[in-house]
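See below for structure.txt, which holds compact mmCIF, C-alpha atoms.
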```txt
# COMPACT_ATOMS: atom_id res chain seq x y z
CA MET A 4 55.48 14.03 -11.92
CA ARG A 5 54.99 16.23 -8.92
CA PHE A 6 56.76 19.48 -8.12
CA GLU A 7 56.49 21.29 -4.81
CA ILE A 8 57.87 24.65 -3.79
CA VAL A 9 57.62 25.93 -0.23
CA VAL A 10 59.02 29.38 0.34
CA GLU A 11 58.88 31.90 3.15
CA LEU A 12 58.62 35.47 1.91
CA GLU A 13 58.28 38.36 4.34
CA GLY A 14 56.98 36.07 7.05
CA GLU A 15 54.37 34.38 4.85
CA THR A 16 54.72 30.72 3.88
CA TYR A 17 53.83 30.03 0.27
CA ALA A 18 53.33 26.45 -0.89
CA TYR A 19 52.88 25.72 -4.58
CA ASP A 20 52.22 22.17 -5.82
CA ILE A 21 51.75 21.01 -9.38
CA THR A 22 51.25 17.45 -10.60
CA PHE A 23 51.42 16.29 -14.21
CA ASP A 24 50.30 13.01 -15.70
CA LEU A 25 50.30 11.43 -19.14
CA PRO A 26 47.00 9.64 -19.76
CA GLU A 27 46.65 7.06 -22.50
CA ARG A 28 46.40 8.49 -26.03
CA PHE A 29 47.72 11.88 -24.81
CA LYS A 30 50.76 13.18 -26.64
CA GLU A 31 51.62 15.81 -24.01
CA LEU A 32 51.57 15.98 -20.25
CA ARG A 33 48.46 17.45 -18.68
CA VAL A 34 48.11 19.21 -15.35
CA LEU A 35 46.37 16.84 -12.96
CA GLU A 36 46.44 19.03 -9.84
CA GLU A 37 47.69 22.48 -8.96
CA LYS A 38 47.48 24.41 -5.73
CA LEU A 39 48.85 27.57 -4.16
CA THR A 40 48.42 28.22 -0.45
CA VAL A 41 49.61 31.05 1.77
CA ASN A 42 50.07 30.08 5.43
CA GLY A 43 48.03 26.97 4.70
CA LYS A 44 45.06 28.90 3.24
CA PRO A 45 44.39 28.19 -0.43
CA VAL A 46 44.69 31.01 -2.96
CA TYR A 47 43.50 28.61 -5.62
CA THR A 48 43.17 24.90 -6.16
CA ARG A 49 42.79 23.04 -9.40
CA GLU A 50 41.82 19.57 -10.55
CA VAL A 51 42.53 18.97 -14.24
CA GLU A 52 40.54 21.76 -15.96
CA GLN A 53 38.57 23.05 -12.98
CA VAL A 54 40.11 25.94 -11.06
CA HIS A 55 38.69 27.16 -7.73
CA LEU A 56 39.85 30.66 -6.95
CA THR A 57 39.46 31.74 -3.34
CA GLN A 58 38.82 35.43 -2.85
CA ALA A 59 40.81 36.79 0.04
CA ASP A 60 37.91 38.73 1.54
CA GLN A 61 35.07 36.37 0.68
CA ASP A 62 34.04 32.93 1.82
CA GLU A 63 32.83 31.86 -1.61
CA SER A 64 35.20 30.82 -4.33
CA ALA A 65 35.07 31.59 -8.03
CA LYS A 66 35.33 28.73 -10.49
CA PHE A 67 36.50 28.64 -14.07
CA LEU A 68 37.85 26.19 -16.59
CA ILE A 69 41.32 26.16 -18.07
CA ASP A 70 42.95 23.96 -20.72
CA SER A 71 44.52 20.94 -19.04
CA GLY A 72 47.75 21.57 -20.96
CA VAL A 73 48.18 25.04 -19.45
CA VAL A 74 49.61 25.91 -16.03
CA ALA A 75 47.15 28.13 -14.17
CA LEU A 76 49.61 30.15 -12.05
CA PRO A 77 50.70 32.64 -14.73
CA LYS A 78 47.09 32.97 -15.98
CA ILE A 79 45.57 34.03 -12.69
CA GLN A 80 45.65 37.79 -12.36
CA ASP A 81 47.10 39.29 -9.23
CA LEU A 82 45.31 42.34 -7.97
CA GLY A 83 48.00 44.81 -7.02
CA THR A 84 51.38 44.50 -5.34
CA SER A 85 49.84 43.70 -1.92
CA ASN A 86 48.16 40.59 -3.30
CA PRO A 87 49.94 37.42 -2.09
CA LEU A 88 49.90 36.04 -5.61
CA PHE A 89 51.91 39.03 -6.86
CA GLY A 90 54.72 38.51 -4.34
CA PHE A 91 55.03 34.83 -5.09
CA LYS A 92 54.89 35.20 -8.87
CA GLN A 93 57.49 37.96 -8.78
CA TRP A 94 59.79 35.89 -6.58
CA LEU A 95 59.35 32.92 -8.90
CA ALA A 96 60.03 35.04 -11.99
CA ARG A 97 63.23 36.39 -10.46
CA THR A 98 64.57 32.99 -9.52
CA LEU A 99 68.12 32.70 -10.85
CA ILE A 100 68.80 29.46 -12.68
CA LEU A 101 72.34 29.75 -13.99
CA ARG A 102 74.36 27.52 -16.27
CA PRO A 103 76.49 30.14 -17.97
CA ILE A 104 78.24 29.58 -21.27
CA PRO A 105 80.75 32.43 -21.14
CA SER A 106 81.83 32.25 -24.75
CA TRP A 107 78.25 33.06 -25.76
CA ILE A 108 77.98 36.06 -23.47
CA GLN A 109 78.47 39.38 -25.21
CA GLY A 110 78.41 42.74 -23.50
CA THR A 111 75.72 44.33 -25.64
CA SER A 112 72.23 45.18 -24.45
CA ASP A 113 69.10 46.31 -26.23
CA ASN A 114 66.81 46.28 -23.22
CA GLU A 115 66.72 46.09 -19.43
CA THR A 116 65.75 43.05 -17.38
CA LEU A 117 65.96 41.63 -13.88
CA GLU A 118 65.57 38.11 -15.22
CA PRO A 119 68.83 36.77 -16.67
CA ASP A 120 68.87 33.96 -19.17
CA THR A 121 70.08 30.58 -17.86
CA ARG A 122 73.14 30.68 -20.10
CA GLY A 123 73.84 34.33 -19.28
CA ILE A 124 73.31 35.42 -22.87
CA ASN A 125 71.36 38.55 -21.89
CA PHE A 126 74.01 39.60 -19.36
CA GLY A 127 74.13 43.14 -20.81
CA ASN A 128 70.37 43.52 -20.39
CA TRP A 129 70.62 42.26 -16.81
CA PHE A 130 73.47 44.66 -16.00
CA SER A 131 71.47 47.56 -17.46
CA GLY A 132 68.27 46.46 -15.71
CA LEU A 133 69.90 46.00 -12.33
CA LEU A 134 71.57 49.42 -12.37
CA ALA A 135 68.38 51.09 -13.62
CA TYR A 136 66.44 49.42 -10.80
CA ALA A 137 69.05 50.11 -8.09
CA PRO A 138 71.97 52.36 -9.12
CA SER A 139 73.60 51.69 -5.74
CA ALA A 140 74.08 48.06 -6.85
CA TYR A 141 77.17 49.26 -8.72
CA SER A 142 79.09 49.65 -5.48
CA LYS A 143 78.40 46.01 -4.56
CA ILE A 144 79.47 44.88 -8.04
CA ASP A 145 82.60 47.03 -7.84
CA ASP A 146 83.48 45.81 -4.32
CA TYR A 147 83.37 42.16 -5.31
CA LEU A 148 85.14 42.53 -8.63
CA LYS A 149 87.98 44.57 -7.12
CA GLN A 150 88.61 41.74 -4.67
CA VAL A 151 89.00 39.20 -7.46
CA MET A 152 90.57 41.56 -10.02
CA PRO A 153 92.43 44.24 -8.05
CA ASP A 154 93.48 46.07 -11.23
CA LEU A 155 89.86 46.69 -12.25
CA LYS A 156 89.25 50.40 -12.57
CA ASP A 157 85.82 50.85 -14.06
CA ILE A 158 82.96 49.32 -16.01
CA LYS A 159 81.26 51.49 -18.62
CA ASN A 160 78.07 50.79 -20.52
CA PRO A 161 77.86 53.51 -23.20
CA VAL A 162 75.20 53.86 -25.89
CA VAL A 163 76.69 52.62 -29.15
CA GLY A 164 73.70 52.77 -31.48
CA ARG A 165 70.10 53.84 -31.54
CA ARG A 166 69.02 51.05 -29.23
CA PHE A 167 72.21 49.42 -28.08
CA ARG A 168 74.66 49.70 -25.22
CA ARG A 169 77.97 47.88 -25.00
CA LEU A 170 79.93 46.99 -21.85
CA PHE A 171 83.60 47.90 -21.57
CA VAL A 172 85.86 46.93 -18.69
CA GLU A 173 88.87 49.06 -17.82
CA PHE A 174 91.93 47.75 -16.00
CA SER A 175 94.80 49.94 -14.88
CA ASN A 176 97.88 50.25 -12.74
CA ASP A 177 99.92 53.35 -11.91
CA GLN A 178 101.31 53.66 -15.42
CA VAL A 179 98.91 52.28 -18.01
CA SER A 180 95.32 51.29 -18.51
CA LEU A 181 93.60 48.74 -20.72
CA ASN A 182 90.04 49.09 -21.98
CA LEU A 183 88.50 45.77 -22.99
CA PRO A 184 85.12 45.07 -24.57
CA PHE A 185 83.22 42.70 -22.28
CA GLU A 186 83.28 39.89 -24.81
CA ASP A 187 87.10 39.88 -24.70
CA LEU A 188 87.21 38.93 -21.02
CA SER A 189 88.21 35.35 -20.24
CA ASP A 190 85.52 32.79 -19.47
CA GLY A 191 86.45 32.84 -15.78
CA GLU A 192 86.35 36.65 -15.65
CA LYS A 193 82.86 36.58 -17.18
CA CYS A 194 81.83 34.20 -14.38
CA PHE A 195 83.19 36.70 -11.84
CA MET A 196 81.00 39.32 -13.50
CA ILE A 197 77.94 37.06 -13.23
CA CYS A 198 78.76 36.32 -9.59
CA ALA A 199 79.03 40.07 -8.89
CA LEU A 200 75.58 40.61 -10.38
CA VAL A 201 74.11 37.71 -8.39
CA LEU A 202 75.45 39.22 -5.14
CA ALA A 203 74.21 42.70 -6.08
CA ALA A 204 70.82 41.41 -7.26
CA ASN A 205 70.21 39.54 -4.01
CA ASP A 206 70.88 42.81 -2.19
CA ALA A 207 68.86 44.99 -4.54
CA TYR A 208 65.72 42.97 -5.20
CA GLY A 209 66.11 39.82 -3.14
CA PRO A 210 65.77 37.61 -1.31
CA LEU A 211 66.40 35.46 -4.35
CA PHE A 212 66.65 31.78 -4.98
CA CYS A 213 69.78 31.04 -7.00
CA PHE A 214 70.60 27.67 -8.50
CA TRP A 215 74.00 27.58 -10.21
CA ASP A 216 74.93 24.47 -12.13
CA GLU A 217 78.65 23.84 -11.61
CA PRO A 218 79.79 27.33 -10.55
CA ASP A 219 83.37 26.06 -10.54
CA ASN A 220 83.40 25.73 -14.33
CA TYR A 221 85.89 28.02 -16.07
CA LEU A 222 87.60 29.05 -12.78
CA ALA A 223 91.22 28.65 -11.73
CA PRO A 224 91.62 26.06 -8.94
CA SER A 225 92.76 28.75 -6.50
CA GLU A 226 89.52 30.68 -7.11
CA VAL A 227 86.92 27.95 -6.71
CA GLY A 228 86.79 27.92 -2.90
CA HIS A 229 86.61 31.72 -2.64
CA PHE A 230 83.93 31.87 -5.34
CA VAL A 231 81.65 29.35 -3.62
CA LEU A 232 82.20 30.90 -0.21
CA ALA A 233 81.39 34.40 -1.50
CA LEU A 234 78.05 33.15 -2.82
CA ARG A 235 77.29 31.18 0.34
CA LYS A 236 78.10 34.15 2.53
CA ALA A 237 75.96 36.53 0.52
CA PHE A 238 72.92 34.27 0.77
CA GLN A 239 73.30 33.75 4.52
CA THR A 240 71.36 36.90 5.28
CA GLY A 241 68.50 36.17 2.88
CA GLY A 242 67.60 34.03 -0.09
CA GLN A 243 68.91 30.59 -0.90
CA PHE A 244 71.86 29.39 -2.95
CA ILE A 245 72.14 25.87 -4.33
CA ALA A 246 74.99 24.60 -6.49
CA THR A 247 75.75 21.32 -8.17
CA SER A 248 79.35 20.29 -8.59
CA HIS A 249 81.86 17.55 -9.23
CA ASN A 250 84.74 19.82 -8.23
CA PRO A 251 86.60 18.88 -5.01
CA GLU A 252 87.19 22.49 -3.97
CA ALA A 253 83.54 23.41 -4.55
CA ILE A 254 82.32 20.34 -2.62
CA ARG A 255 84.63 21.23 0.25
CA GLY A 256 82.96 24.65 0.41
CA PHE A 257 79.84 23.06 1.92
CA TYR A 258 79.20 20.84 4.93
CA ASP A 259 77.65 17.45 5.51
CA GLU A 260 74.23 18.70 6.62
CA ASN A 261 73.68 20.87 3.54
CA THR A 262 75.22 18.59 0.92
CA LEU A 263 73.08 16.19 -1.05
CA LEU A 264 74.48 13.26 -2.99
CA LEU A 265 72.67 12.49 -6.25
CA TYR A 266 73.20 8.95 -7.38
CA ARG A 267 71.81 6.98 -10.31
CA LYS A 268 72.63 3.34 -11.03
CA SER A 269 71.46 3.52 -14.63
CA HIS A 270 69.46 5.69 -17.00
CA LEU A 271 66.47 3.42 -16.39
CA GLU A 272 66.37 3.98 -12.64
CA PRO A 273 65.41 7.12 -10.74
CA THR A 274 68.05 9.37 -9.23
CA ILE A 275 68.44 8.76 -5.51
CA VAL A 276 69.01 11.85 -3.35
CA ARG A 277 70.58 11.50 0.09
CA ARG A 278 71.92 13.96 2.63
CA LEU A 279 75.63 13.45 3.15
CA ASP A 280 75.37 13.32 6.94
CA GLY A 281 73.16 10.26 6.60
CA LEU A 282 75.80 8.32 4.66
CA HIS A 283 78.83 6.52 5.93
CA VAL A 284 82.00 8.07 4.51
CA SER A 285 85.38 6.67 5.45
CA GLY A 286 88.15 9.25 5.67
CA ASP A 287 88.19 12.28 3.42
CA LEU A 288 84.92 12.93 1.58
CA VAL A 289 86.49 13.93 -1.73
CA ASP A 290 88.83 10.93 -1.70
CA ALA A 291 85.81 8.69 -1.05
CA LEU A 292 83.95 10.33 -3.95
CA ILE A 293 86.93 9.81 -6.23
CA ARG A 294 87.04 6.14 -5.23
CA GLY A 295 83.31 5.90 -5.95
CA ASP A 296 82.78 4.63 -2.41
CA VAL A 297 79.97 7.03 -1.48
CA GLU A 298 76.69 5.32 -2.31
CA PRO A 299 73.26 5.80 -0.83
CA MET B 12 93.38 36.17 -8.25
CA SER B 13 93.61 33.96 -5.16
CA VAL B 14 94.85 35.20 -1.79
CA ASN B 15 97.38 37.98 -2.23
CA LYS B 16 100.63 36.32 -1.18
CA TYR B 17 102.29 39.67 -0.60
CA GLN B 18 99.68 40.84 1.91
CA PRO B 19 99.04 39.18 5.28
CA HIS B 20 97.07 35.99 4.67
CA VAL B 21 96.27 32.75 6.49
CA PHE B 22 96.27 29.16 5.29
CA VAL B 23 94.29 26.74 7.42
CA LEU B 24 95.47 23.15 7.21
CA PRO B 25 92.79 20.91 8.76
CA GLU B 26 93.38 17.42 10.03
CA ASP B 27 90.15 15.98 8.65
CA ASP B 28 86.76 16.75 7.16
CA ALA B 29 85.23 17.72 10.51
CA ASN B 30 87.93 20.33 11.09
CA ARG B 31 87.54 21.51 7.49
CA GLN B 32 83.84 22.15 8.15
CA LEU B 33 84.64 24.01 11.38
CA ALA B 34 87.05 26.24 9.46
CA ASN B 35 84.51 26.86 6.68
CA GLY B 36 81.93 27.91 9.26
CA PHE B 37 84.43 30.36 10.74
CA LEU B 38 84.87 31.95 7.30
CA LEU B 39 81.11 32.42 6.90
CA ASP B 40 81.18 35.18 9.49
CA LEU B 41 80.38 38.36 7.60
CA ALA B 42 83.19 40.27 9.30
CA ILE B 43 85.88 37.99 7.90
CA SER B 44 87.55 38.68 4.59
CA ILE B 45 87.46 35.34 2.80
CA ARG B 46 90.13 36.42 0.36
CA LYS B 47 92.72 36.57 3.13
CA ILE B 48 92.04 33.08 4.45
CA GLN B 49 92.09 29.84 2.56
CA VAL B 50 91.17 26.43 3.92
CA LEU B 51 93.39 23.74 2.43
CA ARG B 52 92.64 20.11 1.71
CA PRO B 53 92.37 17.96 4.87
CA ALA B 54 95.65 16.18 5.57
CA GLY B 55 94.12 12.99 6.99
CA GLY B 56 95.37 12.88 10.56
CA TRP B 57 97.23 15.08 13.04
CA ALA B 58 100.62 13.56 12.25
CA LYS B 59 99.97 14.06 8.52
CA VAL B 60 99.17 17.73 9.18
CA LEU B 61 102.65 18.14 10.57
CA ASP B 62 104.21 16.06 7.77
CA CYS B 63 102.37 18.11 5.16
CA PHE B 64 103.38 21.36 6.83
CA ILE B 65 107.03 20.37 6.77
CA SER B 66 107.07 18.89 3.26
CA ASP B 67 104.82 21.40 1.44
CA HIS B 68 104.71 24.61 3.41
CA LEU B 69 107.98 25.18 5.21
CA VAL B 70 109.84 26.49 2.19
CA GLU B 71 106.87 28.63 1.12
CA MET B 72 106.66 30.15 4.61
CA ASP B 73 110.22 31.41 4.13
CA ARG B 74 109.39 32.70 0.67
CA TYR B 75 106.25 34.56 1.75
CA PRO B 76 106.83 36.37 5.05
CA ASP B 77 103.22 37.59 5.15
CA ARG B 78 101.91 34.04 5.28
CA PHE B 79 100.46 32.67 8.51
CA MET B 80 99.33 29.10 9.04
CA VAL B 81 96.82 27.51 11.34
CA LEU B 82 97.30 23.78 11.82
CA LEU B 83 93.89 22.51 12.86
CA ILE B 84 94.27 19.19 14.68
CA ASP B 85 92.46 17.05 17.24
CA PHE B 86 94.23 16.68 20.58
CA ASP B 87 92.33 13.46 21.39
CA ARG B 88 92.78 14.28 25.10
CA ASP B 89 96.48 13.53 24.70
CA GLU B 90 98.36 15.95 26.95
CA GLU B 91 101.63 15.37 25.13
CA ARG B 92 100.32 16.16 21.67
CA SER B 93 100.61 19.93 21.90
CA THR B 94 104.27 19.64 22.92
CA LYS B 95 104.97 17.09 20.19
CA ALA B 96 103.32 19.21 17.55
CA LYS B 97 105.01 22.45 18.61
CA ALA B 98 108.37 20.71 18.51
CA GLN B 99 107.93 20.30 14.74
CA ILE B 100 107.60 24.05 14.16
CA PRO B 101 110.93 25.80 13.56
CA PRO B 102 111.54 28.47 16.24
CA GLY B 103 111.73 31.18 13.58
CA LEU B 104 108.14 30.49 12.58
CA ALA B 105 106.66 30.29 16.07
CA ASP B 106 104.94 33.65 15.66
CA ARG B 107 103.43 32.71 12.26
CA VAL B 108 102.32 29.11 12.74
CA PHE B 109 99.56 28.32 15.19
CA ILE B 110 98.32 24.93 16.33
CA LEU B 111 94.66 24.89 17.26
CA GLY B 112 92.09 22.20 17.77
CA THR B 113 89.57 20.51 19.96
CA LEU B 114 90.71 19.02 23.25
CA GLY B 115 89.05 15.75 22.27
CA GLU B 116 87.43 15.52 18.81
CA PRO B 117 85.10 17.88 16.93
CA GLU B 118 82.43 15.17 17.12
CA ASP B 119 82.25 15.84 20.89
CA LEU B 120 81.08 19.38 20.11
CA ARG B 121 78.40 18.19 17.75
CA GLN B 122 77.15 15.67 20.27
CA ALA B 123 76.87 18.48 22.80
CA ASN B 124 74.03 19.84 20.61
CA LEU B 125 75.99 22.87 19.47
CA GLY B 126 74.78 22.43 15.88
CA SER B 127 76.60 21.34 12.77
CA PHE B 128 80.38 21.75 12.50
CA GLU B 129 79.83 24.74 10.30
CA GLN B 130 77.46 26.37 12.80
CA ILE B 131 80.00 25.75 15.56
CA GLY B 132 82.73 27.37 13.42
CA LEU B 133 80.51 30.38 12.76
CA ALA B 134 79.74 30.68 16.49
CA MET B 135 83.49 30.61 17.25
CA ALA B 136 84.05 33.46 14.78
CA LYS B 137 81.35 35.52 16.47
CA ASP B 138 82.91 34.77 19.88
CA CYS B 139 86.20 36.23 18.67
CA ARG B 140 84.60 39.65 18.31
```

Representation of the structure as structure tokens:
Amino acid sequence: MRFEIVVELEGETYAYDITFDLPERFKELRVLEEKLTVNGKPVYTREVEQVHLTQADQDESAKFLIDSGVVALPKIQDLGTSNPLFGFKQWLARTLILRPIPSWIQGTSDNETLEPDTRGINFGNWFSGLLAYAPSAYSKIDDYLKQVMPDLKDIKNPVVGRRFRRLFVEFSNDQVSLNLPFEDLSDGEKCFMICALVLAANDAYGPLFCFWDEPDNYLAPSEVGHFVLALRKAFQTGGQFIATSHNPEAIRGFYDENTLLLYRKSHLEPTIVRRLDGLHVSGDLVDALIRGDVEP
Amino acid sequence: MSVNKYQPHVFVLPEDDANRQLANGFLLDLAISIRKIQVLRPAGGWAKVLDCFISDHLVEMDRYPDRFMVLLIDFDRDEERSTKAKAQIPPGLADRVFILGTLGEPEDLRQANLGSFEQIGLAMAKDCR
């Protein structure tokens, strides 16, 4: 198995490759090769257990051994925030991989983080961390949420115990107001909240890479197109947004050149990935998908 | 909530997938409020755009006076098409329903190396400013 990431951060091109294999009599995968380069120059290379670390200001490289079952990247120390390794590791750590399960998301927090859990379970910690890192992010969150929920008045995150905060969301009109604990929001409303934080996070500490598995889940049909477009628009100016979907409205939010079709004939065969503009589609794309006529 | 039906809003009814991508690109312009414009499902041909407008949208246009519609069709270099299409729009809606489209087909634009449909749509939005 080989994974490659190529990313451009502040004008520098980072390329990280890692290859795993499973030799005979091994019970776990081992790292066969690993390499990080910046603008084509290696920061370190690795073959099985042998790591060659290239010093930025020296011609000679340092060598050391590492267990073949351990990935070297997190083990190599970065020397200060100007070190290229620091920028890449921080970007990688802040990558947003989202597959929220709204019913599991509570509004409590006992810490602050900029690294949300895939399922969104530490949403409260992320909210607290984002606003601690960049208080101005609240205006971005507020702007987006008031577009999708015009009766939103305020979000509060008061201390409710020695170490805990709890999110409350207030809605109001001219006559009355309603104060709801975060966990009482609907699943779709919780997804709006996550979307608001994604948009604000990309502004505050981006550019981010965001992968959202089926962002259309839990949303009303009339909301899906707007939701996808809001995310796409926000990532136009920096970062990258990738979504997977089976939803017609979500699929229609993209275009042929940036849509990939993933197709698998059976569990025993590899998934084939093809760009949509390289496939022949007769008539409407979604109708063709429904008919099962789009095949690589 | 979706578009606010009681505030000015636009529904775009595209003829096909190419026109749908052009419209999406237009919406990607940062100056455009995406919550006031919604791109509808492609109708599947210019005549079907008009059929769909009459069968699905005519009554709703009366119900929601702040609704505007853009019918996005290909003119296929047919000089009569604009007249034929406009004839389907009731006179009372002439200032709220607009028929737009490429003189030939959107594919002509892509073959002129103007980028993807979405990039062309985005460029059109920027040209409007």

Contacts of chain A with chain B up to 8 Å, shortest pair per row, only C-alpha atoms, as a Markdown table:
```
| residue | atom | partner | partner_atom | distance |
| --- | --- | --- | --- | --- |
| A:Gln150 | CA | B:Arg46 | CA | 7.5 |
| A:Val151 | CA | B:Met12 | CA | 5.4 |
| A:Met152 | CA | B:Met12 | CA | 6.3 |
| A:Ser225 | CA | B:Ser13 | CA | 5.4 |
| A:Glu226 | CA | B:Ser13 | CA | 5.6 |
| A:Gly228 | CA | B:Gln49 | CA | 7.8 |
| A:His229 | CA | B:Ile45 | CA | 6.6 |
| A:Leu232 | CA | B:Leu39 | CA | 7.4 |
| A:Ala233 | CA | B:Ile45 | CA | 7.5 |
| A:Arg235 | CA | B:Leu39 | CA | 7.7 |
| A:Lys236 | CA | B:Leu39 | CA | 5.6 |
| A:Arg255 | CA | B:Arg31 | CA | 7.8 |
| A:Gly256 | CA | B:Asn35 | CA | 6.8 |
| A:Phe257 | CA | B:Gln32 | CA | 7.5 |
| A:Tyr258 | CA | B:Gln32 | CA | 5.8 |
| A:Glu260 | CA | B:Ser127 | CA | 7.1 |
| A:Gly286 | CA | B:Gly55 | CA | 7.2 |
| A:Asp287 | CA | B:Asp28 | CA | 6.0 |
| A:Leu288 | CA | B:Asp28 | CA | 7.0 |
```

Shortest interatomic distance to Lys268 in chain A - which of A:Pro224, A:Gly90, A:Gly209, A:Pro299, counting only C-alpha atoms = A:Pro299

Quick one, how far is CA of Cys63 in chain B from CA of Asp89 in chain B?
->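 Spanning CA of Cys63 in chain B to CA of Asp89 in chain B is a straight-line distance of 20.9 Å.
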
Two-atom distance - CA of Ile43 in chain B, CA of Asp119 in chain B (Å) =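 Atom-to-atom, CA of Ile43 in chain B to CA of Asp119 in chain B, that is 25.9 Å.
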
A:Arg102, A:Ala203, A:Glu37, A:Gln109 ranked by distance to Leu76 in chain A, top pick (using all atoms listed in the file) | A:Glu37

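The two atoms in question, CA of Glu217 in chain A and CA of Asp280 in chain A, are spaced 21.6 Å apart.
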
Quick one: residues within 7 Å of Glu7 in chain A, only C-alpha atoms counted, chain neighbours fewer than 4 positions away excluded, as a PyMOL selection string?
-> chain A and resi 19-21

Would you please work out which residue, of B:Gly112, B:Cys139, B:Leu104, B:Lys59, is nearest to Glu71 in chain B when using all atoms listed in the file?
-> B:Leu104

Got a sec: who's within 12 Å of Tyr75 in chain B, counting only C-alpha atoms, leaving out chain neighbours fewer than 2 positions off, as a PyMOL selection string?
-> chain B and resi 14-22+68-73+77-80+104+107

What does the file look like for those residues with C-alpha atoms, as a PDB file, keeping the file's coordinate frame?
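The resulting file, out05.pdb, is shown below:
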```pdb
ATOM      1  CA  VAL B  14      94.850  35.200  -1.790  1.00  0.00           C
ATOM      2  CA  ASN B  15      97.380  37.980  -2.230  1.00  0.00           C
ATOM      3  CA  LYS B  16     100.630  36.320  -1.180  1.00  0.00           C
ATOM      4  CA  TYR B  17     102.290  39.670  -0.600  1.00  0.00           C
ATOM      5  CA  GLN B  18      99.680  40.840   1.910  1.00  0.00           C
ATOM      6  CA  PRO B  19      99.040  39.180   5.280  1.00  0.00           C
ATOM      7  CA  HIS B  20      97.070  35.990   4.670  1.00  0.00           C
ATOM      8  CA  VAL B  21      96.270  32.750   6.490  1.00  0.00           C
ATOM      9  CA  PHE B  22      96.270  29.160   5.290  1.00  0.00           C
ATOM     10  CA  HIS B  68     104.710  24.610   3.410  1.00  0.00           C
ATOM     11  CA  LEU B  69     107.980  25.180   5.210  1.00  0.00           C
ATOM     12  CA  VAL B  70     109.840  26.490   2.190  1.00  0.00           C
ATOM     13  CA  GLU B  71     106.870  28.630   1.120  1.00  0.00           C
ATOM     14  CA  MET B  72     106.660  30.150   4.610  1.00  0.00           C
ATOM     15  CA  ASP B  73     110.220  31.410   4.130  1.00  0.00           C
ATOM     16  CA  ASP B  77     103.220  37.590   5.150  1.00  0.00           C
ATOM     17  CA  ARG B  78     101.910  34.040   5.280  1.00  0.00           C
ATOM     18  CA  PHE B  79     100.460  32.670   8.510  1.00  0.00           C
ATOM     19  CA  MET B  80      99.330  29.100   9.040  1.00  0.00           C
ATOM     20  CA  LEU B 104     108.140  30.490  12.580  1.00  0.00           C
ATOM     21  CA  ARG B 107     103.430  32.710  12.260  1.00  0.00           C
TER      22      ARG B 107
END
```

Could you give me, as a PyMOL selection string, the residues that sit within 12 Å of (91.0, 9.0, 19.7) in the file's coordinates, counting only C-alpha atoms?
-> chain B and resi 56-57+84-89+92+113-119

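The closest residue to Phe37 in chain B, picked from B:Val23, B:Ala123, B:Ala96, B:Leu61 and counting only C-alpha atoms, is B:Val23.
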